[in-house]
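To be precise, the following lines are structure.txt, and they hold compact mmCIF, C-alpha atoms.
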```
# COMPACT_ATOMS: atom_id res chain seq x y z
CA GLY A 1093 0.00 0.00 0.00
CA ALA A 1094 0.89 3.67 -0.15
CA VAL A 1095 3.58 4.73 2.28
CA VAL A 1096 4.34 8.15 3.69
CA SER A 1097 7.72 8.44 5.34
CA GLN A 1098 8.34 11.15 7.92
CA HIS A 1099 11.68 12.14 9.47
CA PRO A 1100 12.92 12.64 12.04
CA SER A 1101 10.77 10.68 14.46
CA ARG A 1102 12.08 12.64 17.41
CA VAL A 1103 13.97 15.88 17.71
CA ILE A 1104 15.08 17.99 20.62
CA CYS A 1105 16.19 21.52 19.93
CA LYS A 1106 17.12 24.60 21.85
CA SER A 1107 14.76 27.53 22.09
CA GLY A 1108 15.33 29.97 19.25
CA THR A 1109 16.62 27.46 16.74
CA SER A 1110 14.81 26.08 13.69
CA VAL A 1111 13.83 22.52 12.98
CA LYS A 1112 12.97 20.91 9.64
CA ILE A 1113 10.65 17.93 9.32
CA GLU A 1114 10.47 15.97 6.08
CA CYS A 1115 7.51 14.11 4.65
CA ARG A 1116 7.97 11.86 1.63
CA SER A 1117 5.54 9.83 -0.42
CA LEU A 1118 7.49 6.68 -1.23
CA ASP A 1119 5.49 4.98 -3.95
CA PHE A 1120 3.16 7.61 -5.29
CA GLN A 1121 3.14 11.24 -6.27
CA ALA A 1122 1.48 13.71 -3.97
CA THR A 1123 0.55 17.10 -5.32
CA THR A 1124 -1.02 17.84 -1.96
CA MET A 1125 0.20 16.96 1.51
CA PHE A 1126 -1.25 17.88 4.87
CA TRP A 1127 0.45 18.88 8.08
CA TYR A 1128 -1.18 18.23 11.45
CA ARG A 1129 -0.30 19.03 15.01
CA GLN A 1130 -1.35 16.88 17.93
CA PHE A 1131 -1.09 17.78 21.59
CA PRO A 1132 -1.05 15.02 24.22
CA LYS A 1133 -4.34 13.19 24.49
CA GLN A 1134 -5.93 15.41 21.88
CA SER A 1135 -7.07 15.04 18.31
CA LEU A 1136 -5.23 15.97 15.16
CA MET A 1137 -5.51 19.60 14.18
CA LEU A 1138 -4.86 20.54 10.57
CA MET A 1139 -2.18 23.22 10.36
CA ALA A 1140 -1.75 23.64 6.64
CA THR A 1141 -2.19 22.10 3.23
CA SER A 1142 1.01 21.85 1.22
CA ASN A 1143 0.67 22.25 -2.54
CA GLU A 1144 3.40 21.19 -4.94
CA GLY A 1145 4.82 24.16 -6.79
CA SER A 1146 2.72 26.76 -5.03
CA LYS A 1147 2.17 28.34 -1.65
CA ALA A 1148 0.77 26.37 1.23
CA THR A 1149 -2.69 27.07 2.56
CA TYR A 1150 -2.68 27.70 6.30
CA GLU A 1151 -5.54 27.17 8.69
CA GLN A 1152 -6.80 30.05 10.73
CA GLY A 1153 -4.55 30.86 13.65
CA VAL A 1154 -1.46 29.14 12.24
CA GLU A 1155 1.47 31.52 11.73
CA LYS A 1156 2.80 31.00 8.22
CA ASP A 1157 6.05 32.79 9.02
CA LYS A 1158 6.69 30.48 11.93
CA PHE A 1159 5.71 27.23 10.24
CA LEU A 1160 7.35 27.35 6.83
CA ILE A 1161 6.16 24.78 4.33
CA ASN A 1162 7.95 23.87 1.14
CA HIS A 1163 6.60 21.38 -1.38
CA ALA A 1164 9.23 21.50 -4.10
CA SER A 1165 8.61 18.09 -5.62
CA LEU A 1166 5.79 15.61 -6.06
CA THR A 1167 7.20 13.38 -3.35
CA LEU A 1168 8.56 15.73 -0.70
CA SER A 1169 7.07 18.34 1.59
CA THR A 1170 8.96 19.94 4.45
CA LEU A 1171 7.78 21.78 7.54
CA THR A 1172 10.26 24.10 9.21
CA VAL A 1173 9.50 25.36 12.68
CA THR A 1174 11.40 28.62 12.89
CA SER A 1175 12.63 30.23 16.09
CA ALA A 1176 11.14 27.39 18.08
CA HIS A 1177 9.86 27.96 21.59
CA PRO A 1178 8.79 25.49 24.28
CA GLU A 1179 5.14 26.01 23.38
CA ASP A 1180 5.91 24.62 19.92
CA SER A 1181 6.68 21.28 21.50
CA SER A 1182 4.17 18.85 20.05
CA PHE A 1183 3.66 15.84 17.82
CA TYR A 1184 3.65 16.82 14.13
CA ILE A 1185 2.17 14.48 11.55
CA CYS A 1186 2.00 14.70 7.78
CA SER A 1187 -0.34 12.91 5.43
CA ALA A 1188 -1.04 12.50 1.75
CA SER A 1189 -3.90 11.08 -0.25
CA PRO A 1190 -2.75 8.58 -2.88
CA THR A 1191 -6.27 7.63 -3.84
CA ASP A 1192 -9.44 8.49 -2.06
CA GLY A 1193 -8.13 7.81 1.42
CA TYR A 1194 -5.36 9.35 3.47
CA THR A 1195 -2.05 7.86 4.51
CA PHE A 1196 -0.24 9.31 7.49
CA GLY A 1197 3.42 9.52 8.35
CA SER A 1198 4.73 8.12 11.61
CA GLY A 1199 4.92 11.54 13.21
CA THR A 1200 7.68 13.71 14.66
CA ARG A 1201 7.92 14.40 18.37
CA LEU A 1202 9.40 17.88 18.74
CA THR A 1203 10.68 18.98 22.12
CA VAL A 1204 11.96 22.52 22.50
CA VAL A 1205 14.10 23.10 25.57
CA GLY B 63 -17.48 23.83 8.58
CA GLU B 64 -17.75 20.21 9.58
CA ASN B 65 -17.98 19.28 13.26
CA VAL B 66 -17.30 15.69 14.27
CA GLU B 67 -18.14 14.49 17.76
CA GLN B 68 -16.93 11.18 19.13
CA HIS B 69 -17.99 9.13 22.14
CA PRO B 70 -16.90 7.74 24.47
CA SER B 71 -13.56 9.34 25.19
CA THR B 72 -12.37 6.24 27.02
CA LEU B 73 -13.57 2.66 26.80
CA SER B 74 -12.44 -0.41 28.70
CA VAL B 75 -13.58 -3.88 27.71
CA GLN B 76 -12.67 -7.40 28.67
CA GLU B 77 -10.74 -9.40 26.13
CA GLY B 78 -13.16 -11.16 23.81
CA ASP B 79 -15.96 -8.64 24.31
CA SER B 80 -17.10 -6.16 21.68
CA ALA B 81 -16.32 -2.45 21.57
CA VAL B 82 -18.44 0.22 19.94
CA ILE B 83 -17.39 3.79 19.26
CA LYS B 84 -19.83 6.33 17.91
CA CYS B 85 -19.41 9.54 15.94
CA THR B 86 -21.75 12.21 14.67
CA TYR B 87 -21.10 14.79 11.98
CA SER B 88 -22.76 18.03 11.07
CA ASP B 89 -22.19 18.55 7.34
CA SER B 90 -24.76 16.65 5.33
CA ALA B 91 -22.43 16.90 2.31
CA SER B 92 -19.84 14.66 3.98
CA ASN B 93 -19.43 11.49 1.99
CA TYR B 94 -16.29 9.77 3.25
CA PHE B 95 -15.85 8.42 6.78
CA PRO B 96 -12.56 6.75 7.74
CA TRP B 97 -11.54 5.31 11.08
CA TYR B 98 -7.97 5.44 12.30
CA LYS B 99 -6.06 3.58 15.01
CA GLN B 100 -3.21 5.43 16.65
CA GLU B 101 -0.71 3.74 18.90
CA LEU B 102 1.44 5.71 21.29
CA GLY B 103 4.06 7.79 19.53
CA LYS B 104 2.94 6.78 16.06
CA GLY B 105 0.91 8.22 13.23
CA PRO B 106 -2.72 7.19 12.63
CA GLN B 107 -3.30 4.02 10.66
CA LEU B 108 -6.42 3.57 8.56
CA ILE B 109 -8.36 0.53 9.73
CA ILE B 110 -11.59 0.86 7.80
CA ASP B 111 -13.55 3.45 5.87
CA ILE B 112 -17.02 3.83 4.45
CA ARG B 113 -18.54 6.01 1.80
CA SER B 114 -21.97 7.52 1.86
CA ASN B 115 -23.39 5.18 -0.75
CA VAL B 116 -23.27 2.19 1.61
CA GLY B 117 -24.68 1.62 5.07
CA GLU B 118 -22.29 -0.97 6.43
CA LYS B 119 -18.86 -2.38 5.76
CA LYS B 120 -17.06 -5.23 7.44
CA ASP B 121 -13.47 -6.40 7.50
CA GLN B 122 -12.91 -9.44 9.71
CA ARG B 123 -13.42 -8.29 13.33
CA ILE B 124 -14.02 -4.67 12.39
CA ALA B 125 -17.22 -3.17 11.01
CA VAL B 126 -18.49 0.32 10.40
CA THR B 127 -22.09 1.42 10.05
CA LEU B 128 -23.36 4.68 8.63
CA ASN B 129 -26.72 6.34 9.12
CA LYS B 130 -26.86 9.30 6.73
CA THR B 131 -30.25 10.45 7.91
CA ALA B 132 -29.14 10.74 11.50
CA LYS B 133 -25.61 11.76 10.47
CA HIS B 134 -23.84 9.28 12.62
CA PHE B 135 -21.47 6.40 12.07
CA SER B 136 -20.07 3.77 14.38
CA LEU B 137 -17.07 1.48 14.66
CA HIS B 138 -17.64 -2.04 15.94
CA ILE B 139 -14.77 -4.28 17.03
CA THR B 140 -15.70 -7.85 17.94
CA GLU B 141 -13.66 -10.42 19.85
CA THR B 142 -11.34 -7.73 21.14
CA GLN B 143 -7.71 -8.56 21.80
CA PRO B 144 -5.12 -6.73 23.92
CA GLU B 145 -3.39 -5.53 20.75
CA ASP B 146 -6.57 -3.62 19.88
CA SER B 147 -5.73 -1.25 22.74
CA ALA B 148 -5.02 2.16 21.19
CA VAL B 149 -6.65 5.50 20.48
CA TYR B 150 -9.25 5.42 17.73
CA PHE B 151 -10.27 8.45 15.70
CA CYS B 152 -13.22 8.86 13.39
CA ALA B 153 -13.14 11.43 10.61
CA ALA B 154 -15.42 12.91 7.98
CA ARG B 155 -14.83 14.62 4.68
CA ALA B 156 -17.12 16.42 2.28
CA GLY B 157 -16.06 16.15 -1.35
CA ALA B 158 -12.49 17.29 -1.88
CA ASN B 159 -12.34 19.10 1.42
CA ASN B 160 -10.04 18.25 4.27
CA LEU B 161 -10.59 15.55 6.84
CA PHE B 162 -12.19 16.60 10.10
CA PHE B 163 -11.31 14.39 13.04
CA GLY B 164 -13.25 13.37 16.08
CA THR B 165 -11.73 13.84 19.52
CA GLY B 166 -10.59 10.26 19.86
CA THR B 167 -11.44 7.23 22.01
CA ARG B 168 -8.86 5.52 24.15
CA LEU B 169 -9.69 1.82 24.05
CA THR B 170 -8.23 -0.50 26.65
CA VAL B 171 -8.71 -4.23 26.27
CA ILE B 172 -8.21 -5.97 29.59
CA PRO B 173 -6.65 -9.44 29.30
```

Taking this structure as input, can you express it in the form of structure tokens?
Amino acid sequence: GAVVSQHPSRVICKSGTSVKIECRSLDFQATTMFWYRQFPKQSLMLMATSNEGSKATYEQGVEKDKFLINHASLTLSTLTVTSAHPEDSSFYICSASPTDGYTFGSGTRLTVV
Amino acid sequence: GENVEQHPSTLSVQEGDSAVIKCTYSDSASNYFPWYKQELGKGPQLIIDIRSNVGEKKDQRIAVTLNKTAKHFSLHITETQPEDSAVYFCAARAGANNLFFGTGTRLTVIP
């Protein structure tokens, strides 16, 4: 079946630094990818929709200058958390839709210290 | 926009018993309803989905029912096993729109 690979699985960074998370579709092309954020014991909240070759669409309340999204190819989307702060610590998950359903990456646990 | 509610938030069952998780949605245009299983520290995994043109779908021990009139859908797991313990999320989507997730149900299967 369709596989979405997400890296890294865990990252710890210092406050003020930037962190890049990669999301790859391994066996299909994804013109659109989705980025979610999940706080402990909560549901997935859509942050933005990543569109290949064009600007990402951000959900209301998500700072586009803080969460930079690049979708430069049909198989790779990246999320960069810029100037990270402890409140950015969360579980970030990407997904893509190879057919009618959605396939999710394994998630990235970001801890900002 | 779509609003998906999910109940219960936690559910404990004895191994071998059945588990039922229910969701309601608000957008009558929603036509795709997947269910995901999420284990600790991992991304959601699709376990079953149903489209609005059918009322029930079954895959071994897992079944999903959909009532379009009442705008609710349910996940049924029979003969539960300890490895079924996880958080389950329902979701709904209207057309080409994004997925809207329920709040999740933490299922614990007691051996």

Inset, instruction - Determine, counting all atoms listed in the file, which protein, DNA and RNA residues have an atom within 12 Å of an atom of Glu1155 in chain A; residues of the same chain fewer than 2 positions away are not included. Present the result as a PyMOL selection string. - result: chain A and resi 1139-1140+1148-1153+1157-1161+1172-1174+1180

Inset, instruction - May I ask for the distance between CA of Ala153 in chain B and CA of Tyr98 in chain B, given in Å to one decimal place? - result: 8.1 Å

Each residue of chain B lying at most 6 Å from chain A should get a row with its shortest atom-to-atom pair and the distance in Å to one decimal, counting all atoms listed in the file; could you produce that, ordered by chain and increasing number, as JSON lines?
```
{"residue": "B:Lys104", "atom": "CA", "partner": "A:Ser1198", "partner_atom": "CA", "distance": 5.0}
{"residue": "B:Gly105", "atom": "CA", "partner": "A:Ser1198", "partner_atom": "CA", "distance": 4.2}
{"residue": "B:Thr165", "atom": "CA", "partner": "A:Ser1135", "partner_atom": "CA", "distance": 5.0}
```

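CA of Pro144 in chain B is positioned 25.6 Å from CA of Glu67 in chain B.
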
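By chain and then residue number, the residues within 12 Å of Ala125 in chain B are Ser80, Ala81, Val82, Ile83, Pro96, Trp97, Ile109, Ile110, Asp111, Ile112, Gly117, Glu118, Lys119, Phe135, Ser136, Leu137, His138, Ile139, Thr140 and Glu141 of chain B, counting all atoms listed in the file and disregarding those fewer than 6 positions away in sequence.
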
Inset, instruction - Quick one: pull the distance between CA of Gly63 in chain B and CA of Cys85 in chain B, Å, one decimal. - result: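 That distance, rounded to one decimal, is 16.2 Å.
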
Inset, instruction - For Glu145 in chain B, work out the shell of residues within 10 Å, counting all atoms listed in the file and skipping chain neighbours fewer than 5 positions away, then give it as a ChimeraX atom specification. - result: /B:77,101,170-171,173

Legend entry - Close residues, Ser114 in chain B itself excluded, 8 Å, only C-alpha atoms, min 5 positions apart in chain, as a PyMOL selection string: chain B and resi 92-95+128+130

Point (9.0, 9.4, -4.2), cut-off 10 Å, counting all atoms listed in the file, residues as a compact mmCIF listing (two decimals) with C-alpha atoms, keeping the file's coordinate frame:
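Below is the file result-v2.txt, written as the result:
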```
# COMPACT_ATOMS: atom_id res chain seq x y z
CA VAL A 1095 3.58 4.73 2.28
CA VAL A 1096 4.34 8.15 3.69
CA SER A 1097 7.72 8.44 5.34
CA ARG A 1116 7.97 11.86 1.63
CA SER A 1117 5.54 9.83 -0.42
CA LEU A 1118 7.49 6.68 -1.23
CA ASP A 1119 5.49 4.98 -3.95
CA PHE A 1120 3.16 7.61 -5.29
CA GLN A 1121 3.14 11.24 -6.27
CA ALA A 1122 1.48 13.71 -3.97
CA SER A 1165 8.61 18.09 -5.62
CA LEU A 1166 5.79 15.61 -6.06
CA THR A 1167 7.20 13.38 -3.35
CA LEU A 1168 8.56 15.73 -0.70
```

Inset, instruction - Name the closest residue to Thr1203 in chain A among the candidates A:Gln1130, A:Ile1104, A:Ser1110, A:Ala1176; distances are taken between atoms, counting all atoms listed in the file. - result: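 Ranked by minimum distance to Thr1203 in chain A, first place goes to A:Ile1104.
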
Inset, instruction - Find the spatial neighbours of Asn1143 in chain A, counting only C-alpha atoms, within a cut-off of 7 Å - ignore same-chain residues fewer than 5 positions away - and output them as a PyMOL selection string. - result: chain A and resi 1123-1125+1148+1163

Where's the centre, and what are the edge lengths in Å to one decimal, of a box along x, y and z enclosing all listed atoms of range 1155-1159 of chain A padded 8 Å per side, as AutoDock Vina command-line options?
```
--center_x 4.1 --center_y 30.0 --center_z 10.1 --size_x 21.2 --size_y 21.6 --size_z 19.7
```

What residues have an atom no more than 8 Å from (-21.2, 22.6, 7.3) in the file's own frame, counting all atoms listed in the file, and can you write them as a PDB file with C-alpha atoms, keeping the file's coordinate frame?
```
ATOM      1  CA  GLY B  63     -17.480  23.830   8.580  1.00  0.00           C
ATOM      2  CA  GLU B  64     -17.750  20.210   9.580  1.00  0.00           C
ATOM      3  CA  ASN B  65     -17.980  19.280  13.260  1.00  0.00           C
ATOM      4  CA  SER B  88     -22.760  18.030  11.070  1.00  0.00           C
ATOM      5  CA  ASP B  89     -22.190  18.550   7.340  1.00  0.00           C
ATOM      6  CA  SER B  90     -24.760  16.650   5.330  1.00  0.00           C
ATOM      7  CA  ALA B  91     -22.430  16.900   2.310  1.00  0.00           C
TER       8      ALA B  91
END
```
